[in-house]
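What follows is the content of upload-v5.cif, which has mmCIF, C-alpha atoms and all ligand atoms:
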data_input
loop_
_atom_site.label_atom_id
_atom_site.label_comp_id
_atom_site.auth_asym_id
_atom_site.auth_seq_id
_atom_site.Cartn_x
_atom_site.Cartn_y
_atom_site.Cartn_z
CA MET A 1391 0.00 0.00 0.00
CA ILE A 1392 1.24 3.49 -0.85
CA LEU A 1393 0.34 5.52 2.22
CA LEU A 1394 -0.99 9.06 2.57
CA SER A 1395 1.65 9.81 5.18
CA ASP A 1396 4.31 7.18 5.80
CA LEU A 1397 5.22 7.62 9.45
CA ALA A 1398 7.30 4.47 9.73
CA ARG A 1399 9.58 5.65 6.95
CA GLN A 1400 9.75 9.12 8.45
CA PHE A 1401 10.83 7.95 11.89
CA GLN A 1402 13.13 5.26 10.52
CA SER A 1403 15.01 8.08 8.81
CA ILE A 1404 15.85 9.66 12.19
CA LYS A 1405 15.93 6.49 14.29
CA GLN A 1406 19.68 6.46 14.90
CA GLU A 1407 19.67 10.01 16.25
CA ILE A 1408 16.66 9.27 18.42
CA PHE A 1409 18.45 6.25 19.93
CA GLN A 1410 21.55 8.32 20.65
CA GLN A 1411 19.56 11.08 22.31
CA PHE A 1412 17.46 8.55 24.19
CA GLU A 1413 20.53 7.53 26.24
CA LEU A 1414 21.15 11.13 27.21
CA PHE A 1415 17.44 11.62 27.86
CA ILE A 1416 17.31 8.71 30.32
CA ASP A 1417 20.46 9.85 32.08
CA SER A 1418 19.14 13.43 32.41
CA GLY A 1419 16.66 12.33 35.06
CA LYS A 1420 14.31 15.16 34.00
CA TYR A 1421 11.22 14.13 32.09
CA ILE A 1422 8.77 17.04 32.41
CA ILE A 1423 9.70 20.67 31.53
CA GLY A 1424 13.44 20.32 31.28
CA ASP A 1425 16.18 21.28 28.85
CA TYR A 1426 14.69 19.63 25.75
CA VAL A 1427 11.44 21.56 26.15
CA SER A 1428 13.27 24.86 26.75
CA LEU A 1429 15.49 24.36 23.74
CA LEU A 1430 12.58 23.36 21.50
CA GLU A 1431 10.59 26.41 22.58
CA LYS A 1432 13.53 28.69 21.86
CA LYS A 1433 14.19 27.14 18.44
CA ILE A 1434 10.55 27.25 17.39
CA ALA A 1435 10.11 30.89 18.46
CA ASP A 1436 13.28 31.75 16.48
CA LYS A 1437 12.11 29.87 13.42
CA VAL A 1438 8.59 31.29 13.43
CA GLY A 1439 9.82 34.78 14.32
CA THR A 1440 7.91 35.35 17.57
CA SER A 1441 9.28 36.34 20.97
CA TYR A 1442 7.77 33.36 22.80
CA ALA A 1443 6.78 29.75 22.27
CA ILE A 1444 5.00 27.75 24.98
CA SER A 1445 4.67 24.03 24.43
CA VAL A 1446 1.54 22.20 25.57
CA ALA A 1447 0.07 18.69 25.46
CA ASN A 1448 -1.56 18.91 22.00
CA GLY A 1449 -2.85 21.29 19.35
CA THR A 1450 -6.38 21.34 20.75
CA ASP A 1451 -5.09 22.48 24.15
CA ALA A 1452 -2.93 25.06 22.38
CA LEU A 1453 -6.16 26.57 21.01
CA ILE A 1454 -8.10 26.30 24.29
CA LEU A 1455 -5.32 27.82 26.41
CA THR A 1456 -4.77 30.63 23.91
CA LEU A 1457 -8.47 31.53 23.84
CA GLU A 1458 -8.48 31.44 27.65
CA ALA A 1459 -5.39 33.63 27.89
CA TYR A 1460 -7.19 36.24 25.78
CA GLY A 1461 -10.13 36.06 28.17
CA ILE A 1462 -12.46 34.58 25.57
CA GLY A 1463 -15.35 32.61 27.07
CA GLU A 1464 -19.06 32.66 27.89
CA GLY A 1465 -21.03 35.15 25.76
CA ASP A 1466 -18.24 35.73 23.25
CA GLU A 1467 -18.19 34.91 19.56
CA VAL A 1468 -15.24 33.72 17.50
CA ILE A 1469 -15.39 33.73 13.70
CA THR A 1470 -13.87 30.65 12.10
CA THR A 1471 -14.16 28.31 9.13
CA PRO A 1472 -16.56 25.36 8.90
CA TYR A 1473 -14.09 23.52 6.67
CA THR A 1474 -11.42 22.29 9.08
CA PHE A 1475 -10.76 19.58 11.64
CA PHE A 1476 -13.36 19.59 14.41
CA ALA A 1477 -10.87 20.68 17.10
CA THR A 1478 -10.78 24.25 15.75
CA ALA A 1479 -14.42 24.90 16.68
CA GLU A 1480 -14.41 22.48 19.60
CA ALA A 1481 -11.77 24.62 21.34
CA ILE A 1482 -13.99 27.71 20.98
CA SER A 1483 -16.98 25.81 22.37
CA ARG A 1484 -14.90 24.33 25.21
CA ARG A 1485 -14.29 27.91 26.36
CA GLY A 1486 -18.05 28.46 26.45
CA ALA A 1487 -17.80 30.83 23.48
CA LYS A 1488 -19.74 30.47 20.24
CA PRO A 1489 -18.12 29.53 16.94
CA VAL A 1490 -19.53 31.69 14.14
CA PHE A 1491 -18.80 30.08 10.80
CA VAL A 1492 -17.93 31.89 7.59
CA ASP A 1493 -17.72 30.22 4.19
CA VAL A 1494 -14.41 29.42 2.53
CA ASP A 1495 -12.72 30.57 -0.65
CA PRO A 1496 -13.22 27.73 -3.16
CA VAL A 1497 -9.67 28.08 -4.49
CA THR A 1498 -7.61 28.19 -1.29
CA TYR A 1499 -10.16 26.25 0.85
CA ASN A 1500 -9.50 28.82 3.58
CA MET A 1501 -11.77 31.35 5.33
CA ASP A 1502 -13.07 33.96 2.87
CA PRO A 1503 -12.19 37.27 4.56
CA PHE A 1504 -14.65 39.18 2.37
CA GLN A 1505 -17.56 37.43 4.07
CA VAL A 1506 -16.31 38.04 7.60
CA GLU A 1507 -17.32 41.67 8.14
CA ALA A 1508 -21.05 40.96 7.88
CA LEU A 1509 -20.74 38.50 10.79
CA ILE A 1510 -19.04 40.83 13.26
CA THR A 1511 -21.25 41.75 16.25
CA PRO A 1512 -20.51 43.50 19.56
CA ARG A 1513 -19.88 40.02 20.99
CA THR A 1514 -17.20 39.10 18.44
CA LYS A 1515 -13.83 38.83 20.19
CA ALA A 1516 -11.59 37.00 17.75
CA ILE A 1517 -11.06 35.70 14.24
CA LEU A 1518 -9.60 32.21 14.06
CA PRO A 1519 -8.38 31.36 10.54
CA VAL A 1520 -6.97 27.93 9.71
CA HIS A 1521 -4.10 27.39 7.26
CA LEU A 1522 -5.78 24.31 5.84
CA PHE A 1523 -3.71 21.50 4.32
CA GLY A 1524 -0.60 23.66 4.78
CA GLN A 1525 -1.87 26.57 2.66
CA PRO A 1526 -1.80 29.99 4.39
CA ALA A 1527 -5.08 31.89 4.79
CA ASP A 1528 -5.47 35.42 3.39
CA MET A 1529 -3.98 37.06 6.48
CA ASP A 1530 -3.69 40.64 5.18
CA HIS A 1531 -7.44 40.98 4.78
CA ILE A 1532 -8.15 39.17 8.04
CA ASN A 1533 -5.73 41.43 9.94
CA LEU A 1534 -7.23 44.58 8.39
CA LEU A 1535 -10.68 43.63 9.67
CA ALA A 1536 -9.29 42.69 13.07
CA GLN A 1537 -7.64 46.10 13.33
CA LYS A 1538 -10.77 47.93 12.25
CA TYR A 1539 -12.93 46.18 14.87
CA GLY A 1540 -10.34 45.60 17.62
CA LEU A 1541 -10.41 41.81 17.36
CA VAL A 1542 -7.79 39.25 18.31
CA VAL A 1543 -6.41 37.04 15.51
CA ILE A 1544 -5.44 33.50 16.47
CA GLU A 1545 -3.96 31.37 13.69
CA ASP A 1546 -4.75 27.67 13.71
CA ALA A 1547 -1.47 26.65 12.10
CA CYS A 1548 -1.75 22.99 13.17
CA GLN A 1549 -1.36 21.83 9.55
CA ALA A 1550 1.17 24.36 8.38
CA PHE A 1551 4.52 24.37 10.17
CA GLY A 1552 7.02 26.06 7.85
CA ALA A 1553 4.43 27.59 5.51
CA LYS A 1554 4.87 31.24 4.54
CA TYR A 1555 2.56 34.04 3.54
CA LYS A 1556 4.16 36.85 1.49
CA GLY A 1557 7.51 35.60 2.71
CA ARG A 1558 6.60 35.60 6.40
CA PRO A 1559 6.24 32.38 8.41
CA VAL A 1560 2.75 31.38 9.48
CA GLY A 1561 2.56 31.66 13.24
CA SER A 1562 3.91 35.21 13.14
CA LEU A 1563 0.99 36.72 11.25
CA GLY A 1564 -1.65 37.20 13.95
CA ASP A 1565 -1.64 37.85 17.71
CA ALA A 1566 -0.91 34.21 18.55
CA ALA A 1567 -0.79 30.90 16.71
CA CYS A 1568 -1.22 27.25 17.56
CA PHE A 1569 0.66 24.27 16.15
CA SER A 1570 0.05 20.54 16.65
CA PHE A 1571 2.75 17.87 16.79
CA PHE A 1572 0.31 15.00 16.18
CA PRO A 1573 2.28 12.33 14.26
CA THR A 1574 0.82 13.03 10.80
CA LYS A 1575 1.34 16.80 10.95
CA ASN A 1576 4.24 18.26 8.92
CA LEU A 1577 6.26 18.56 12.10
CA GLY A 1578 5.08 15.66 14.24
CA THR A 1579 6.26 13.46 17.07
CA MET A 1580 5.50 9.84 18.02
CA GLY A 1581 2.57 10.90 20.17
CA ASP A 1582 0.69 14.06 21.06
CA GLY A 1583 2.11 17.56 21.41
CA GLY A 1584 1.44 21.19 20.59
CA ILE A 1585 2.80 24.70 20.95
CA VAL A 1586 1.57 28.29 21.10
CA VAL A 1587 3.66 31.09 19.63
CA THR A 1588 3.14 34.78 20.32
CA SER A 1589 5.08 37.99 20.78
CA ASN A 1590 2.75 39.22 23.54
CA PRO A 1591 4.58 38.78 26.89
CA GLU A 1592 1.41 38.78 29.02
CA ILE A 1593 -0.30 36.16 26.89
CA ALA A 1594 2.85 34.01 26.92
CA GLU A 1595 3.01 34.28 30.71
CA LYS A 1596 -0.66 33.35 31.10
CA ILE A 1597 -0.32 30.28 28.89
CA ARG A 1598 2.83 29.24 30.72
CA LYS A 1599 0.86 29.29 33.97
CA LEU A 1600 -2.28 27.71 32.52
CA ARG A 1601 -0.41 24.69 31.23
CA HIS A 1602 0.88 24.01 34.73
CA HIS A 1603 -2.12 24.28 37.08
CA GLY A 1604 -2.17 28.07 37.11
CA SER A 1605 1.14 28.09 38.94
CA LYS A 1606 4.27 30.14 38.47
CA VAL A 1607 5.92 29.54 41.83
CA LYS A 1608 5.84 25.89 42.80
CA TYR A 1609 2.81 24.93 44.91
CA TYR A 1610 1.35 28.47 44.74
CA HIS A 1611 -1.58 28.73 42.34
CA ASP A 1612 -2.76 32.11 41.03
CA ASP A 1613 -5.54 30.64 38.90
CA LEU A 1614 -7.14 27.37 37.93
CA GLY A 1615 -5.18 25.83 35.12
CA TYR A 1616 -4.62 22.53 33.37
CA ASN A 1617 -2.08 19.77 33.22
CA SER A 1618 -1.09 20.38 29.62
CA ARG A 1619 2.61 20.05 29.05
CA LEU A 1620 4.77 18.65 26.28
CA ASP A 1621 6.84 15.70 27.54
CA GLU A 1622 10.63 16.02 27.44
CA LEU A 1623 10.65 12.80 25.41
CA HIS A 1624 8.58 14.41 22.66
CA ALA A 1625 10.60 17.62 22.75
CA MET A 1626 13.72 15.48 22.26
CA ILE A 1627 12.21 13.80 19.19
CA LEU A 1628 10.87 17.10 17.84
CA LEU A 1629 14.30 18.75 18.07
CA ILE A 1630 15.61 16.07 15.74
CA ALA A 1631 12.65 16.42 13.37
CA LEU A 1632 12.94 20.22 13.44
CA ASP A 1633 16.42 19.95 11.92
CA ARG A 1634 14.83 18.16 8.95
CA ILE A 1635 11.62 20.12 8.53
CA ASP A 1636 12.78 22.44 5.75
CA ILE A 1637 14.07 19.51 3.69
CA TRP A 1638 10.84 17.60 4.31
CA ASN A 1639 8.64 20.57 3.38
CA ASP A 1640 10.69 21.24 0.23
CA ARG A 1641 10.25 17.63 -0.78
CA ARG A 1642 6.49 17.93 -0.32
CA ARG A 1643 6.49 21.02 -2.55
CA ILE A 1644 8.43 19.22 -5.29
CA LEU A 1645 5.95 16.33 -5.20
CA ALA A 1646 3.02 18.78 -5.29
CA GLU A 1647 4.48 20.53 -8.32
CA ARG A 1648 4.86 17.20 -10.05
CA TYR A 1649 1.29 16.17 -9.31
CA ARG A 1650 0.12 19.52 -10.66
CA LYS A 1651 2.19 19.31 -13.83
CA GLU A 1652 1.06 15.77 -14.62
CA LEU A 1653 -2.60 16.02 -13.65
CA PHE A 1654 -3.81 19.56 -14.30
CA HIS A 1655 -5.14 18.80 -17.79
CA LEU A 1656 -7.43 15.96 -16.68
CA PRO A 1657 -11.01 17.25 -17.04
CA TYR A 1658 -12.34 15.12 -14.17
CA LEU A 1659 -9.87 16.49 -11.55
CA ASP A 1660 -9.43 19.86 -9.81
CA LEU A 1661 -5.92 20.52 -8.53
CA PRO A 1662 -5.03 22.85 -5.65
CA GLU A 1663 -3.50 26.09 -6.88
CA ASP A 1664 -0.19 27.45 -5.70
CA SER A 1665 -0.86 31.15 -5.16
CA LYS A 1666 1.99 33.60 -5.57
CA ASP A 1667 1.48 35.00 -2.08
CA SER A 1668 1.80 31.71 -0.31
CA PHE A 1669 4.35 29.03 0.27
CA SER A 1670 2.22 26.00 1.08
CA VAL A 1671 3.73 23.00 2.86
CA TYR A 1672 1.12 20.48 1.65
CA HIS A 1673 0.26 18.78 4.92
CA LEU A 1674 -2.24 17.02 2.62
CA PHE A 1675 -2.58 17.04 -1.15
CA CYS A 1676 -6.32 17.17 -1.81
CA ILE A 1677 -7.83 17.09 -5.26
CA GLY A 1678 -11.47 17.43 -6.24
CA SER A 1679 -13.75 15.40 -8.47
CA ASP A 1680 -17.44 14.75 -9.20
CA GLN A 1681 -16.49 11.12 -9.35
CA ARG A 1682 -14.73 10.92 -6.00
CA ASP A 1683 -16.20 7.57 -4.98
CA PHE A 1684 -15.21 5.82 -8.21
CA ILE A 1685 -11.73 7.27 -8.22
CA THR A 1686 -10.94 6.57 -4.56
CA THR A 1687 -12.26 3.01 -4.87
CA MET A 1688 -10.13 2.44 -7.96
CA LEU A 1689 -7.05 3.82 -6.20
CA GLN A 1690 -7.56 1.79 -3.02
CA GLU A 1691 -8.09 -1.40 -5.04
CA SER A 1692 -4.79 -0.64 -6.77
CA GLY A 1693 -2.94 -0.25 -3.48
CA VAL A 1694 -3.05 3.52 -3.07
CA GLN A 1695 -4.43 4.91 0.17
CA THR A 1696 -6.83 7.86 -0.09
CA GLY A 1697 -8.72 9.87 2.50
CA VAL A 1698 -11.58 12.35 2.65
CA TYR A 1699 -10.78 15.58 4.50
CA TYR A 1700 -13.41 16.43 5.60
CA PRO A 1701 -16.63 14.58 4.75
CA CYS A 1702 -18.87 16.74 6.97
CA PRO A 1703 -18.32 20.49 7.39
CA LEU A 1704 -18.55 21.66 10.99
CA HIS A 1705 -21.83 23.58 10.68
CA LEU A 1706 -23.54 20.28 9.82
CA GLN A 1707 -21.99 18.24 12.64
CA LYS A 1708 -24.40 16.75 15.17
CA ALA A 1709 -22.45 18.41 17.98
CA TYR A 1710 -23.49 21.76 16.49
CA ASP A 1711 -27.20 21.08 16.01
CA HIS A 1712 -27.87 23.72 18.67
CA LEU A 1713 -26.34 26.43 16.46
CA HIS A 1714 -29.16 25.81 13.94
CA TYR A 1715 -27.13 25.96 10.77
CA GLN A 1716 -28.58 24.29 7.69
CA LYS A 1717 -27.43 22.55 4.58
CA GLY A 1718 -26.82 25.25 1.98
CA ASP A 1719 -25.55 27.84 4.49
CA PHE A 1720 -21.94 27.50 3.30
CA PRO A 1721 -22.05 26.28 -0.31
CA ALA A 1722 -18.30 26.46 -0.95
CA ALA A 1723 -17.43 24.40 2.13
CA GLU A 1724 -20.19 21.89 1.37
CA LYS A 1725 -19.05 21.50 -2.21
CA LEU A 1726 -15.48 20.81 -1.10
CA SER A 1727 -16.73 18.24 1.42
CA ASN A 1728 -18.45 16.43 -1.42
CA ARG A 1729 -15.60 16.55 -3.91
CA LEU A 1730 -12.18 16.61 -2.24
CA PHE A 1731 -10.00 13.62 -1.48
CA ALA A 1732 -6.36 13.29 -0.45
CA ILE A 1733 -3.79 11.30 -2.40
CA PRO A 1734 -0.41 10.25 -0.93
CA MET A 1735 1.78 13.20 0.04
CA ASN A 1736 4.74 12.84 2.36
CA PRO A 1737 8.49 13.49 2.13
CA PHE A 1738 9.18 9.76 1.79
CA LEU A 1739 6.95 9.12 -1.22
CA THR A 1740 9.30 7.96 -3.99
CA GLU A 1741 9.18 9.19 -7.55
CA SER A 1742 8.21 5.74 -8.82
CA GLU A 1743 5.36 5.50 -6.31
CA GLN A 1744 4.19 8.91 -7.42
CA ASP A 1745 4.43 7.80 -11.08
CA GLU A 1746 2.17 4.88 -10.25
CA ILE A 1747 -0.43 7.15 -8.64
CA ILE A 1748 -0.25 9.58 -11.56
CA SER A 1749 -0.73 6.87 -14.16
CA LEU A 1750 -3.69 5.38 -12.27
CA LEU A 1751 -5.33 8.80 -12.22
CA LYS A 1752 -4.57 9.42 -15.90
CA ASN A 1753 -5.96 6.07 -16.95
CA PHE A 1754 -9.14 6.45 -14.96
CA ARG A 1755 -12.05 5.95 -17.34
CA SER A 1756 -14.73 8.48 -16.70
CA ILE A 1757 -18.01 6.69 -16.01
CA SER A 1758 -20.32 9.58 -16.76
C1 LIG B 1801 -4.70 18.48 14.20
C2 LIG B 1801 -5.46 19.74 14.25
C3 LIG B 1801 -5.86 20.31 15.47
C4 LIG B 1801 -5.72 19.62 16.80
O1 LIG B 1801 -4.44 19.19 17.09
P1 LIG B 1801 -4.23 17.95 18.12
O2 LIG B 1801 -2.77 17.98 18.39
O3 LIG B 1801 -4.68 16.73 17.41
O4 LIG B 1801 -5.05 18.24 19.33
C5 LIG B 1801 -6.50 21.53 15.44
N1 LIG B 1801 -6.75 22.17 14.28
C6 LIG B 1801 -6.40 21.65 13.10
C7 LIG B 1801 -6.67 22.41 11.84
C8 LIG B 1801 -5.75 20.41 13.04
O5 LIG B 1801 -5.44 19.90 11.85
#
Please go through the file and, once you have read it, give me the structure as structure tokens.
Amino acid sequence: MILLSDLARQFQSIKQEIFQQFELFIDSGKYIIGDYVSLLEKKIADKVGTSYAISVANGTDALILTLEAYGIGEGDEVITTPYTFFATAEAISRRGAKPVFVDVDPVTYNMDPFQVEALITPRTKAILPVHLFGQPADMDHINLLAQKYGLVVIEDACQAFGAKYKGRPVGSLGDAACFSFFPTKNLGTMGDGGIVVTSNPEIAEKIRKLRHHGSKVKYYHDDLGYNSRLDELHAMILLIALDRIDIWNDRRRILAERYRKELFHLPYLDLPEDSKDSFSVYHLFCIGSDQRDFITTMLQESGVQTGVYYPCPLHLQKAYDHLHYQKGDFPAAEKLSNRLFAIPMNPFLTESEQDEIISLLKNFRSIS
């Protein structure tokens, strides 16, 4: 089977270094918030271009703690996209705030900033764009609106480590940003992890306390917090992966370019565009088709894994029945949910594997 993301190959490629570090890790005797975590936080802040990075237990907590640090909760509204992983909106709801969905741009799959203004109310506190599949959202227009209305901008960059917008790294484009280190993410570990980046010292301080039971001085608790820390073990692995991330992302971009070049002329496929403003890192490579079911079945039967991201937009999820959205409310997001599917995309996909996928797609006989 040719896999969407081949984690075994990825971690085999850094296995020797992990084993070497593992000896030092055991001997360090420090397994929670030690030198690996501090070093990772410093390196990630440097790379993203923010003053602070605060690691947490996962990307979902990164979002929840960030919203909490900005005081967002009961009675507040946060504008976000319905076409993303559930955790984006779940984090807003977990704070007791209300996710307000806005439709996406059919080309970038990201929040359409030109539909945001009509949704802003006195209760709106933040805009939460997602850089979906590694492609940066239209941050200039989002930031302009945020400035005009005094809103906080929190980037959900969980799928986009290393992506750039107009030459600037995602994560440095809003007030704060959240990354996930879930194994399949561009920069992932062999378990759960996440990080918040920001240049706001008060927000950084609040998140640092929140992740550790609201405590700054040991056994003195200023607030209620969480137990949401990144393990030293994962920080150790992530430091090794971080040294590779640019090479891995570049490889993804080369594969994406090749897919585009070979497949763009096929009338039954839509390919993602590479806009001049953005440097996408292709967390996933999703293509669209009216004949998704036939094509994905054909690929799977030929040994190529496919996936549907995401089959149900968030406004139509059962968990959000109480928000009373209806089918047809966000036509662009709904259309993508019905058409898109992911084909293998990872730094360890070989050229000959990619050739095989390309030729299967080219030889697909249109049924209609
Ligand atoms: C993965 C993901 C999250 C959640 O990250 P976890 O580490 O799995 O909690 C949030 N938002 C988006 C867009 C994601 O892809």
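Nearest to ligand LIG 1801 (chain B) of all the residues A:Gly1578, A:Pro1703, A:Gly1449, A:Gly1419 is A:Gly1449, counting only C-alpha atoms and all ligand atoms.
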Pick out the residues no farther than 6 Å from ligand LIG 1801 (chain B), counting only C-alpha atoms and all ligand atoms, and list them as a PyMOL selection string.
chain A and resi 1448-1450+1474-1475+1477-1478+1520+1546+1548-1549+1570-1572+1582-1584
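Checking A:Asp1495, A:Glu1622, A:Asp1451, A:Glu1652 one by one against Pro1721 in chain A, counting only C-alpha atoms, you find the shortest gap at A:Asp1495.
Here CA of Gln1406 in chain A and CA of Asp1436 in chain A stand 26.1 Å from one another.
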Restricting the calculation to only C-alpha atoms, which member of A:Lys1752, A:Arg1650, A:Arg1619, A:Lys1708 is positioned closest to Tyr1421 in chain A?
A:Arg1619
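Shortest separation to Thr1456 in chain A among A:Phe1415, A:Ile1482, A:Leu1563, A:Asp1621 occurs at residue A:Ile1482, atoms counted being only C-alpha atoms.
In this structure, CA of Ile1532 in chain A sits 5.7 Å away from CA of Pro1503 in chain A.
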Neighbour residues at most 12 Å from (-1.0, 39.8, 28.8) (all atoms listed in the file) as JSON, numbers by chain
{"A": [1456, 1458, 1459, 1460, 1461, 1565, 1566, 1588, 1589, 1590, 1591, 1592, 1593, 1594, 1595, 1596, 1597, 1598, 1599]}
Interface rows for range 1494-1608 of chain A against range 1653-1664 of chain A: nearest pair, Å to one decimal, 9 Å, only C-alpha atoms, as JSON lines:
{"residue": "A:Val1497", "atom": "CA", "partner": "A:Glu1663", "partner_atom": "CA", "distance": 6.9}
{"residue": "A:Thr1498", "atom": "CA", "partner": "A:Glu1663", "partner_atom": "CA", "distance": 7.2}
{"residue": "A:Tyr1499", "atom": "CA", "partner": "A:Pro1662", "partner_atom": "CA", "distance": 9.0}
{"residue": "A:Gln1525", "atom": "CA", "partner": "A:Asp1664", "partner_atom": "CA", "distance": 8.6}
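Distance-wise, CA of Glu1464 in chain A and CA of Met1501 in chain A end up 23.7 Å apart.
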Please provide as an NGL selection string all residues within 8 Å of Met1529 in chain A, with the sequence filter that same-chain residues fewer than 2 positions apart are discarded (counting all atoms listed in the file).
:A and (1526-1527 or 1531-1533 or 1555 or 1563-1564)
Using all atoms listed in the file, can you list as a PyMOL selection string the residues within 12 Å of (0.9, 29.6, 37.0)?
chain A and resi 1459+1594-1618
Have a look at A:Leu1541, A:Ile1635, A:Phe1523, A:Leu1645 and name the one nearest to Tyr1699 in chain A; count only C-alpha atoms.
A:Phe1523
Nearest candidate to Glu1545 in chain A (options A:Val1560, A:Phe1504, A:Ala1567, A:Ala1447; using only C-alpha atoms):
A:Ala1567
Which neighbours of range 1685-1697 of chain A fall inside 6 Å, counting all atoms listed in the file, when residues of the same chain fewer than 3 positions from it are skipped, and could you give them as a PyMOL selection string?
chain A and resi 1391-1394+1682+1731-1733
Would you mind listing what lies within 12 Å of Gly1557 in chain A as an NGL selection string, with all atoms listed in the file counted and same-chain residues fewer than 5 positions away left out?
:A and (1438-1439 or 1526 or 1552 or 1562-1563 or 1666-1670)
Which residues are near range 1489-1493 of chain A? Cut-off 7 Å, only C-alpha atoms, ignore same chain within fewer than 2 positions. Put them as JSON, numbers by chain.
{"A": [1467, 1468, 1469, 1470, 1471, 1472, 1479, 1482, 1483, 1487, 1495, 1501, 1502, 1505, 1506, 1720, 1722, 1723]}
